[in-house]
Structures are given as structure tokens and as C-alpha cells.
Amino acid sequence: MLERSRITKTLPFAAALACSTFVVMPALAMGTNTTSLQHTVVLEGLQAPWDMAFLPDGTMFFTEKCHGLSVLLPSGEVNKLLGMNETEGYATTADDLVCEGQAGMNGVAVDPDFEENRRIYVYSTSAMSDPRTNRVLRLEVNEELSDVSERTDIVDDIPYKMAESDHPFGGPGAHNGGRIRFNPGDGFLYVTTGDNHNSEIPQSPTLMGSKVLRIDTDGNAAPDNAPPEGFDPRTYTYGHRNVQGIAFHPQTNTPIVAEHGPWHSDEITVLVNGGNGGWDPRPNMAGREDCPDDYCGYSPNQMEGMNRFERAAFMPMTDLETYPDAMKPIWDNNGWSQGTGSAEFLTGDQWGEWDGAMVVGIMGIGFGGTPIGQRIDVIQLNEEGTEVVDVTEMTLPMEAGRFRSVVQGPDGSLYTAVDEGMIHKLTP
Amino acid sequence: MKNMLIGTVAAIMIAGQGSAFAQDLADGETLYQSSCRACHGPSAQGMASFPRLADKTEEILIERLQAYREGEKVGPNSALMIPHATKLTDEDIENIAAYITTTFP
């Protein structure tokens, strides 16, 4: 792997290179031995790859945060489909799509009826309105997989952070959410959003940040959504901080999210329709006083390290005292916050004892004595998918990176995008 | 003969400086790999909301690291940068800056 890294450094960043022939073989590749993963670099030289979505034949749509949407064909050819502002070489360009900080083009999902309707969906920041918002775009892909058309913004009101504030990561675009996934159980599209460092958003009934939306492909609320009275009917759950990971239990199809914590406590939470995530960083409540720019999310002592459990007591990720009925997390990363931003379930006999386990991608944050912790964790749940029974750090056949996305492909392999500009394939 | 002697001494001095510079770069690389790479990337290209360093001058890199070492807030990632910079000596800062500008020009 060291040699592979050296090669990577010399490649031009602008050139997305399909290199499916470069396979780093483990010493032994044994069917269900999940400590001996094969590793393939699928693409490299990408600009902040953020998410992937597959067709059954292995065709892979992928987003780059500041460039746009592309597709990798089974032949290895890459077609650039939808470019953002100031990009070149894309079949179609949308000048309103912009990136800044954590925001830009984020999640991508393929319509369950793609074969009939050719539709895909992307989550992106747009400057079409002022202030900017995040949108979910519905697009149609042509037969040649070379262009998209028929753009329809099925969601156009997800809040975006416009101005810098006095917080860690306090630039514009912060806490932007951005994962979109279809639930194979109910067929609805789930959209995860963030709090923008705005303390009013998480418990707001109408601002669509800090939520998990459940909608149909026209953007309408799923009829069975059950948020509290007065809430926007698209709300499936609320009171989140910044959800960027969502996956569905392979047996029950229950949505489970992985969420970034605030200098402490990344969380995995089994969602309950209408449930409250219990995040409420407003000042002058729950024992807190004023906080920088009216947001207590990193308090106390937001610029310096301190005991993570004391932090959690002061500003809980899930405040069960204020909200006793809030959804309790089933995992809290041992109290650390290390950038837990993606989730997937491994399925298939090829994964051996990991068949049915959840994986989360952890990007790593080295703040105030927190171990950086870049890794993929394998989270084994009980049969009902309601409790964690074991956590194993995946033994990686390549260097760890900022694991932004984890997606199982139709070939049964796990694909992972890293901020370093690569998409890896891990095959058991 | 005198000219030869001067030439030899000069060559030894230059070689010595080169060796010292190489050691500085090696020290800078060690610090970069342990403290900077996870956020700024293996090629200092910048990642996520962590800025690109490969396009910065040595002077700016030194100036910023010194500011962070003094606890000054410079940009939204100061909370992450200040604790890292606090540990650095002047020599460490110069070595990191030299490594970045030499390796990722």
C-alpha cells in the first residue's frame, strides 16, 4: 500500500482515473475472512468525493462537493453529468449550485424505479434564492448515461449557514447534513439535514434543518409521517445536530442514523417515526447561560480541550432530562466525537459473520486530546436491530483516510469515498 | 593549490548545509505527517473545510503557525489549530513550512 500511495502523489489531481486493474492483494483472500479484505482503488484524483449510488450493473454515480455529479461506467469511462458553478467539462452546468465549507453537492440516490423513469436525486447547496438553501434535485439521465435533464427541485428550503460565527468550524456552510437514501421497505426518500450552528433550528417545527425528512419523489410528505402537531409534515424525526449517515436495517428496514457529535458523543440512533433526537443547543435553558453567537453546541470551553463526559453533562447530544421521550442512542463512540458521518449495512454471505452488520465511516478529528480515529467501525446489532452487541474496527488493507461515504455496491463489495480524493473498493 | 583548498572547504560547507537542510525537511515531514496530514491531506491539498496549504508561501505558513501558537483566532478552524501549534518551537514551524513549500510546490 505504501507504493500505491507514492504513485498517487504523482498523479494530477484534475484527472479522475479509473484504475480497476490496480489491485492490492492481501496475503490470503479467504471468502469470509473479513480481516483479509482485497483493496482496489476505483477512482482517484477526485475533488472531495462525497457520495455514491449504484445501478445493478455496477454503474456508479458519484458526487464531488465542489464539482458536481458524474458517473463511472462499467467500462471504466467517467461521464461528467451535472457541473456546479465555475466548473468545466460537464454535459450540463447549473450555475446556482455552489460550494463553501462543508456544503456543496453532497448526497446522491438512484430512484427505485430507475429502469423505468431514469431518475436520480442529488442534495446540493443552491444560490438560486437569497439566503441560499440546500435543495434536493430530481434529474433524468439519458440512455447513454452522458447527460441529465428535467431538473426538478423537489425540496428547496433546507437551511444553509450563510455567515461565519464564533464557533469551531464556524465558517459558512457548516452543519449542512446532506445524505439522501431510499428506504427499500417503504420506497420513500429520506433526507438528512443539519443545524447550521443555529440554535433555533433543531427543535423548530418549521425550519427543515436538524431533521430527517421522509418524502416521495415529488417532495411531498410521506402520509404516515407522525411529527408533533404543528410540524412540517415532511418531518420524520427532528432535534438532530448534523446527520450525515443513514442506513436501513436489512431485516426490518428501520432507518438508523449516524451523527456527528459536538466535541463529544458521536451517535448511532434507531429512528422512531416522529421522534426527537434531543439536541437543543439554545442558550439560557437546561442549566446553561449565554453562549457565543447564541449557540451552545460546543460549550463549555469551546476552543479548548476538556473532559468529554463533563462536556456531555453540560451540553448533551441527546438531552433526556429536557426531553425524556427523546430517542436514545444505541452507540456514542465511547464519548468521543471523531467525525462519524456515514453508515451502511453489509449484506451477503461474503461478509461472513459481518453479514447484517452496520459499518460507519469515521473521518477523524484531533481536538483537545481526542484521538484522531480515522477508521471504519463494524457495528454488530442484536437481531431486532435495536442494540449494539459488538464493535470492531475494520482491519484496512490501505491507509486510513477521512471516510466520507460507505456504500455497498451490487457486487457485494464495500465502496468508500475519502476526502483525500479517492473511492476505494473493499472486497471480503 | 590554495584555490583547490578553498574549493574543497566550500564544497564541504555546502554539503553540510545541504545535509542540515535535508534533516530540517525530514523533521518537517515527521511533524506534518503526525499533526497536519489528517486534515490538510497527504499532499497538503486541503480537504473538507480544512484549507489547502500547497499554495501558501513559506512566510505565510510561518506567520499563521506563530499566530496560532500565540492563541490568536485566525479563521473558523482556530480551535483545532491552536492546540497543535502551542507545542511547536520556532524551528518546528520553520521545518514544517519548509517541508510543505518544498514538497508540494
# chains A, B, ... in the order shown; residues from 1 in each chain; ligands from 1
>>> interface_residues(of="chain A", to="chain B", cutoff="10 Å", atoms="only C-alpha atoms", output="PyMOL selection string")
chain A and resi 5+8-10+13+47-50+65+100-103+164-174+302-305+363-369+372-374+400-402+404+418-421
>>> write_last_selection(atoms="N, CA and C atoms", output="compact mmCIF listing (two decimals), in the first residue's frame")
# COMPACT_ATOMS: atom_id res chain seq x y z
N SER A 5 0.52 4.56 -2.46
CA SER A 5 0.40 5.95 -2.01
C SER A 5 1.39 6.83 -2.74
N THR A 8 0.13 7.64 -6.07
CA THR A 8 -0.98 8.59 -6.02
C THR A 8 -0.49 10.02 -5.98
N LYS A 9 0.57 10.27 -5.22
CA LYS A 9 1.05 11.63 -5.07
C LYS A 9 1.47 12.24 -6.40
N THR A 10 1.90 11.39 -7.32
CA THR A 10 2.42 11.94 -8.56
C THR A 10 1.34 12.14 -9.61
N PHE A 13 -4.24 15.95 -10.00
CA PHE A 13 -5.49 15.89 -9.25
C PHE A 13 -6.71 16.06 -10.14
N GLN A 47 -12.14 15.58 -6.55
CA GLN A 47 -12.27 16.74 -5.67
C GLN A 47 -13.32 16.41 -4.61
N ALA A 48 -12.89 16.09 -3.41
CA ALA A 48 -13.80 15.86 -2.28
C ALA A 48 -14.99 14.97 -2.66
N PRO A 49 -14.74 13.72 -3.04
CA PRO A 49 -15.87 12.83 -3.34
C PRO A 49 -16.75 12.67 -2.11
N TRP A 50 -18.06 12.76 -2.30
CA TRP A 50 -18.95 12.85 -1.13
C TRP A 50 -19.90 11.67 -1.01
N LYS A 65 -17.85 17.45 -4.08
CA LYS A 65 -18.51 18.52 -3.35
C LYS A 65 -18.53 19.85 -4.09
N GLU A 100 -19.28 25.77 -0.34
CA GLU A 100 -18.47 26.52 0.61
C GLU A 100 -18.40 25.72 1.91
N GLY A 101 -17.22 25.64 2.47
CA GLY A 101 -17.06 24.91 3.71
C GLY A 101 -17.53 23.47 3.57
N GLN A 102 -18.42 23.05 4.47
CA GLN A 102 -18.92 21.68 4.43
C GLN A 102 -20.02 21.48 3.39
N ALA A 103 -20.49 22.56 2.82
CA ALA A 103 -21.64 22.48 1.91
C ALA A 103 -21.20 22.40 0.45
N GLU A 164 -20.21 33.46 8.79
CA GLU A 164 -19.31 32.89 9.79
C GLU A 164 -19.81 33.25 11.19
N SER A 165 -19.59 32.35 12.13
CA SER A 165 -19.96 32.63 13.52
C SER A 165 -18.79 32.22 14.41
N ASP A 166 -18.91 32.59 15.67
CA ASP A 166 -17.81 32.35 16.62
C ASP A 166 -17.93 30.94 17.20
N HIS A 167 -17.63 29.98 16.34
CA HIS A 167 -17.66 28.58 16.77
C HIS A 167 -16.57 27.81 16.03
N PRO A 168 -16.15 26.70 16.61
CA PRO A 168 -15.27 25.82 15.84
C PRO A 168 -15.96 25.43 14.53
N PHE A 169 -15.19 25.29 13.48
CA PHE A 169 -15.76 25.02 12.14
C PHE A 169 -16.82 26.06 11.80
N GLY A 170 -16.64 27.29 12.26
CA GLY A 170 -17.71 28.27 12.23
C GLY A 170 -17.94 28.98 10.91
N GLY A 171 -17.33 28.52 9.84
CA GLY A 171 -17.50 29.19 8.55
C GLY A 171 -18.85 28.94 7.93
N PRO A 172 -19.17 29.66 6.85
CA PRO A 172 -20.42 29.42 6.13
C PRO A 172 -20.49 27.97 5.63
N GLY A 173 -21.70 27.45 5.54
CA GLY A 173 -21.87 26.10 5.03
C GLY A 173 -21.77 25.01 6.08
N ALA A 174 -21.59 25.40 7.35
CA ALA A 174 -21.36 24.39 8.38
C ALA A 174 -22.64 23.63 8.74
N GLN A 302 -15.42 26.14 24.35
CA GLN A 302 -15.49 25.59 23.00
C GLN A 302 -14.16 25.59 22.25
N MET A 303 -13.19 26.39 22.72
CA MET A 303 -11.93 26.45 21.99
C MET A 303 -10.81 25.62 22.61
N GLU A 304 -11.10 24.97 23.73
CA GLU A 304 -10.05 24.19 24.39
C GLU A 304 -10.56 22.82 24.78
N GLY A 305 -9.62 21.87 24.84
CA GLY A 305 -9.99 20.52 25.22
C GLY A 305 -10.39 20.44 26.69
N MET A 363 -14.21 10.05 10.04
CA MET A 363 -13.24 10.86 9.30
C MET A 363 -12.04 11.30 10.13
N GLY A 364 -12.24 11.42 11.44
CA GLY A 364 -11.12 11.81 12.29
C GLY A 364 -11.11 13.29 12.62
N ILE A 365 -11.09 13.58 13.90
CA ILE A 365 -10.94 14.97 14.37
C ILE A 365 -9.98 14.95 15.55
N GLY A 366 -8.87 15.60 15.43
CA GLY A 366 -7.89 15.60 16.52
C GLY A 366 -7.98 16.87 17.33
N PHE A 367 -8.93 16.94 18.24
CA PHE A 367 -9.11 18.17 19.03
C PHE A 367 -9.00 17.85 20.51
N GLY A 368 -8.22 18.65 21.20
CA GLY A 368 -8.22 18.63 22.66
C GLY A 368 -8.00 17.28 23.28
N GLY A 369 -7.07 16.51 22.74
CA GLY A 369 -6.76 15.22 23.32
C GLY A 369 -7.58 14.07 22.77
N ILE A 372 -7.44 10.97 16.86
CA ILE A 372 -8.00 11.34 15.56
C ILE A 372 -9.01 10.29 15.09
N GLY A 373 -8.59 9.04 15.09
CA GLY A 373 -9.56 7.96 14.95
C GLY A 373 -10.11 7.71 13.56
N GLN A 374 -9.37 8.01 12.51
CA GLN A 374 -9.86 7.70 11.16
C GLN A 374 -10.00 6.19 11.01
N ALA A 400 -5.68 4.55 6.24
CA ALA A 400 -6.94 5.16 6.65
C ALA A 400 -7.03 6.56 6.06
N GLY A 401 -8.24 7.07 5.96
CA GLY A 401 -8.45 8.42 5.44
C GLY A 401 -9.69 9.02 6.07
N ARG A 402 -10.10 10.12 5.51
CA ARG A 402 -11.33 10.76 6.01
C ARG A 402 -12.51 10.08 5.31
N ARG A 404 -15.69 9.50 4.14
CA ARG A 404 -16.85 10.37 3.96
C ARG A 404 -18.12 9.59 3.63
N VAL A 418 -13.16 8.86 0.29
CA VAL A 418 -12.39 9.59 1.29
C VAL A 418 -12.11 11.00 0.78
N ASP A 419 -12.07 11.93 1.72
CA ASP A 419 -11.84 13.33 1.35
C ASP A 419 -10.51 13.52 0.63
N GLU A 420 -9.60 12.57 0.81
CA GLU A 420 -8.31 12.67 0.14
C GLU A 420 -8.46 12.61 -1.39
N GLY A 421 -9.65 12.28 -1.88
CA GLY A 421 -9.90 12.32 -3.32
C GLY A 421 -10.00 10.96 -3.98
>>> residues_around(residues="B:Ile100", least_positions_apart="4", cutoff="12 Å", atoms="only C-alpha atoms", output="PyMOL selection string")
chain B and resi 24-33+36-37+40-45+52-62+93-96+104-105
>>> write_last_selection(atoms="C-alpha atoms", output="short mmCIF file (atom, residue, chain, number, x, y, z; two decimals), in the first residue's frame")
data_model
loop_
_atom_site.label_atom_id
_atom_site.label_comp_id
_atom_site.auth_asym_id
_atom_site.auth_seq_id
_atom_site.Cartn_x
_atom_site.Cartn_y
_atom_site.Cartn_z
CA ASP B 24 15.15 20.01 8.54
CA LEU B 25 12.88 18.72 5.80
CA ALA B 26 12.81 15.29 7.37
CA ASP B 27 11.86 16.80 10.71
CA GLY B 28 9.22 18.91 8.99
CA GLU B 29 7.83 15.83 7.26
CA THR B 30 7.60 13.95 10.55
CA LEU B 31 5.64 16.80 12.10
CA TYR B 32 3.44 17.22 9.03
CA GLN B 33 2.58 13.54 8.92
CA CYS B 36 -1.20 18.16 9.77
CA ARG B 37 -1.87 15.41 7.26
CA HIS B 40 -4.88 19.05 5.27
CA GLY B 41 -4.27 15.90 3.26
CA PRO B 42 -1.34 13.80 2.11
CA SER B 43 -0.37 16.42 -0.49
CA ALA B 44 -1.36 19.49 1.53
CA GLN B 45 -4.18 19.85 -0.96
CA ARG B 52 -5.14 23.94 1.01
CA LEU B 53 -1.58 24.60 2.18
CA ALA B 54 0.26 23.72 -1.02
CA ASP B 55 -0.45 27.16 -2.48
CA LYS B 56 0.81 29.13 0.52
CA THR B 57 4.21 30.77 0.79
CA GLU B 58 6.67 29.78 3.47
CA GLU B 59 6.28 33.20 5.06
CA ILE B 60 2.50 32.90 5.36
CA LEU B 61 2.71 29.40 6.79
CA ILE B 62 5.20 30.55 9.43
CA ILE B 93 7.43 25.84 12.49
CA GLU B 94 10.19 26.65 10.04
CA ASN B 95 10.70 22.97 9.27
CA ILE B 96 7.00 22.33 8.65
CA PHE B 104 4.19 20.41 -2.62
CA PRO B 105 5.18 23.48 -4.63
#
>>> atom_distance(atom1="atom CA of B:Gln66", atom2="atom CA of B:Ser34")
18.4 Å
>>> select_by_dssp(residues="chain B", states="alpha helix (DSSP H)", output="ChimeraX atom specification")
/B:2-31,37-40,58-69,78-86,90-103
>>> residues_around(residues="stretch 328-333 of chain A", least_positions_apart="2", cutoff="10 Å", atoms="only C-alpha atoms", output="ChimeraX atom specification")
/A:256-261,264-271,276-278,317-320,324-326,335-338,340,377,379,381,385-389,391
>>> write_last_selection(atoms="N, CA and C atoms", output="short mmCIF file (atom, residue, chain, number, x, y, z; two decimals), in the first residue's frame")
data_model
loop_
_atom_site.label_atom_id
_atom_site.label_comp_id
_atom_site.auth_asym_id
_atom_site.auth_seq_id
_atom_site.Cartn_x
_atom_site.Cartn_y
_atom_site.Cartn_z
N ILE A 256 -31.72 3.94 10.54
CA ILE A 256 -30.77 4.14 11.63
C ILE A 256 -29.78 5.20 11.17
N VAL A 257 -29.53 6.19 12.02
CA VAL A 257 -28.64 7.28 11.60
C VAL A 257 -27.34 7.28 12.40
N ALA A 258 -26.30 7.77 11.75
CA ALA A 258 -25.01 8.04 12.39
C ALA A 258 -24.80 9.54 12.32
N GLU A 259 -24.42 10.12 13.45
CA GLU A 259 -24.48 11.58 13.56
C GLU A 259 -23.22 12.13 14.22
N HIS A 260 -22.78 13.28 13.73
CA HIS A 260 -21.61 13.95 14.32
C HIS A 260 -21.94 14.51 15.70
N GLY A 261 -21.05 14.28 16.65
CA GLY A 261 -21.21 14.86 17.99
C GLY A 261 -20.45 16.17 18.12
N HIS A 264 -17.91 15.80 21.57
CA HIS A 264 -18.12 14.57 22.35
C HIS A 264 -19.27 13.80 21.69
N SER A 265 -19.32 12.52 21.92
CA SER A 265 -20.52 11.71 21.66
C SER A 265 -21.05 11.72 20.23
N ASP A 266 -20.28 11.17 19.28
CA ASP A 266 -20.92 10.77 18.02
C ASP A 266 -21.99 9.73 18.37
N GLU A 267 -23.05 9.71 17.61
CA GLU A 267 -24.14 8.81 17.98
C GLU A 267 -24.67 7.99 16.81
N ILE A 268 -25.10 6.78 17.13
CA ILE A 268 -25.95 5.99 16.24
C ILE A 268 -27.30 5.87 16.92
N THR A 269 -28.36 6.17 16.18
CA THR A 269 -29.70 6.20 16.77
C THR A 269 -30.68 5.47 15.85
N VAL A 270 -31.46 4.59 16.44
CA VAL A 270 -32.55 3.93 15.71
C VAL A 270 -33.72 4.91 15.68
N LEU A 271 -34.13 5.29 14.48
CA LEU A 271 -35.17 6.33 14.39
C LEU A 271 -36.56 5.77 14.69
N ASN A 276 -37.84 12.68 18.55
CA ASN A 276 -36.98 13.83 18.81
C ASN A 276 -35.57 13.32 19.11
N GLY A 277 -34.58 13.84 18.41
CA GLY A 277 -33.19 13.45 18.67
C GLY A 277 -32.63 14.05 19.95
N GLY A 278 -33.33 15.02 20.53
CA GLY A 278 -32.94 15.55 21.82
C GLY A 278 -31.79 16.54 21.78
N MET A 317 -25.69 15.59 23.82
CA MET A 317 -26.07 15.33 22.43
C MET A 317 -27.54 14.90 22.39
N THR A 318 -27.94 14.09 23.35
CA THR A 318 -29.36 13.72 23.49
C THR A 318 -29.79 14.11 24.90
N ASP A 319 -30.55 15.17 25.02
CA ASP A 319 -30.90 15.73 26.33
C ASP A 319 -32.14 15.02 26.88
N LEU A 320 -31.90 13.97 27.64
CA LEU A 320 -33.01 13.17 28.16
C LEU A 320 -33.65 13.79 29.40
N PRO A 324 -37.48 13.75 27.97
CA PRO A 324 -37.39 12.36 28.44
C PRO A 324 -37.79 11.33 27.39
N ASP A 325 -38.60 11.74 26.41
CA ASP A 325 -39.03 10.79 25.39
C ASP A 325 -38.14 10.79 24.15
N ALA A 326 -37.04 11.50 24.22
CA ALA A 326 -36.15 11.56 23.05
C ALA A 326 -35.62 10.16 22.72
N GLY A 335 -18.01 8.14 23.90
CA GLY A 335 -17.97 9.54 24.35
C GLY A 335 -17.14 10.46 23.49
N TRP A 336 -16.51 9.93 22.43
CA TRP A 336 -15.67 10.78 21.57
C TRP A 336 -16.49 11.36 20.41
N SER A 337 -16.03 12.46 19.89
CA SER A 337 -16.52 12.98 18.61
C SER A 337 -15.35 12.95 17.64
N GLN A 338 -15.49 12.13 16.61
CA GLN A 338 -14.37 11.94 15.68
C GLN A 338 -14.79 12.05 14.21
N THR A 340 -18.16 11.10 12.65
CA THR A 340 -18.90 9.92 12.20
C THR A 340 -20.00 10.37 11.25
N ASP A 377 -15.73 1.49 11.45
CA ASP A 377 -16.15 0.59 12.53
C ASP A 377 -17.26 -0.34 12.04
N ILE A 379 -20.32 -2.34 13.33
CA ILE A 379 -21.21 -2.31 14.50
C ILE A 379 -22.19 -3.47 14.36
N LEU A 381 -25.33 -5.51 15.60
CA LEU A 381 -26.54 -5.24 16.37
C LEU A 381 -27.21 -6.56 16.77
N GLY A 385 -32.15 -5.35 15.77
CA GLY A 385 -31.53 -4.12 15.31
C GLY A 385 -31.73 -2.97 16.26
N THR A 386 -31.87 -3.26 17.52
CA THR A 386 -32.17 -2.20 18.49
C THR A 386 -31.06 -1.95 19.49
N GLU A 387 -30.05 -2.83 19.52
CA GLU A 387 -28.94 -2.66 20.46
C GLU A 387 -27.63 -3.07 19.80
N VAL A 388 -26.56 -2.42 20.23
CA VAL A 388 -25.24 -2.79 19.76
C VAL A 388 -24.72 -3.93 20.62
N VAL A 389 -24.26 -5.00 19.96
CA VAL A 389 -23.72 -6.12 20.72
C VAL A 389 -22.20 -6.23 20.57
N VAL A 391 -18.55 -4.08 18.63
CA VAL A 391 -17.96 -3.08 17.73
C VAL A 391 -16.54 -3.52 17.40
#
>>> atom_distance(atom1="atom CA of A:Asn106", atom2="atom CA of A:Glu200")
23.6 Å
>>> atom_distance(atom1="atom CA of A:Ala357", atom2="atom CA of A:Val378")
6.4 Å
>>> residues_around(residues="A:Thr59", least_positions_apart="3", cutoff="10 Å", atoms="only C-alpha atoms", output="compact mmCIF listing (two decimals) with C-alpha atoms, in the first residue's frame")
# COMPACT_ATOMS: atom_id res chain seq x y z
CA ALA A 53 -25.10 5.38 -5.75
CA PHE A 54 -25.16 2.28 -7.95
CA LEU A 55 -27.17 0.69 -10.72
CA PRO A 56 -27.43 -3.12 -10.68
CA PHE A 62 -20.78 9.90 -7.59
CA VAL A 71 -20.95 8.58 -13.42
CA LEU A 72 -18.40 5.77 -13.68
CA LEU A 73 -19.48 3.26 -16.29
CA PRO A 74 -18.64 -0.45 -16.06
CA SER A 75 -16.19 0.15 -18.94
CA GLY A 76 -14.15 2.44 -16.68
CA VAL A 78 -16.28 8.56 -16.50
CA LEU A 145 -25.55 7.94 -19.31
CA GLY A 409 -22.17 -1.99 -4.31
CA PRO A 410 -24.19 -4.51 -6.29
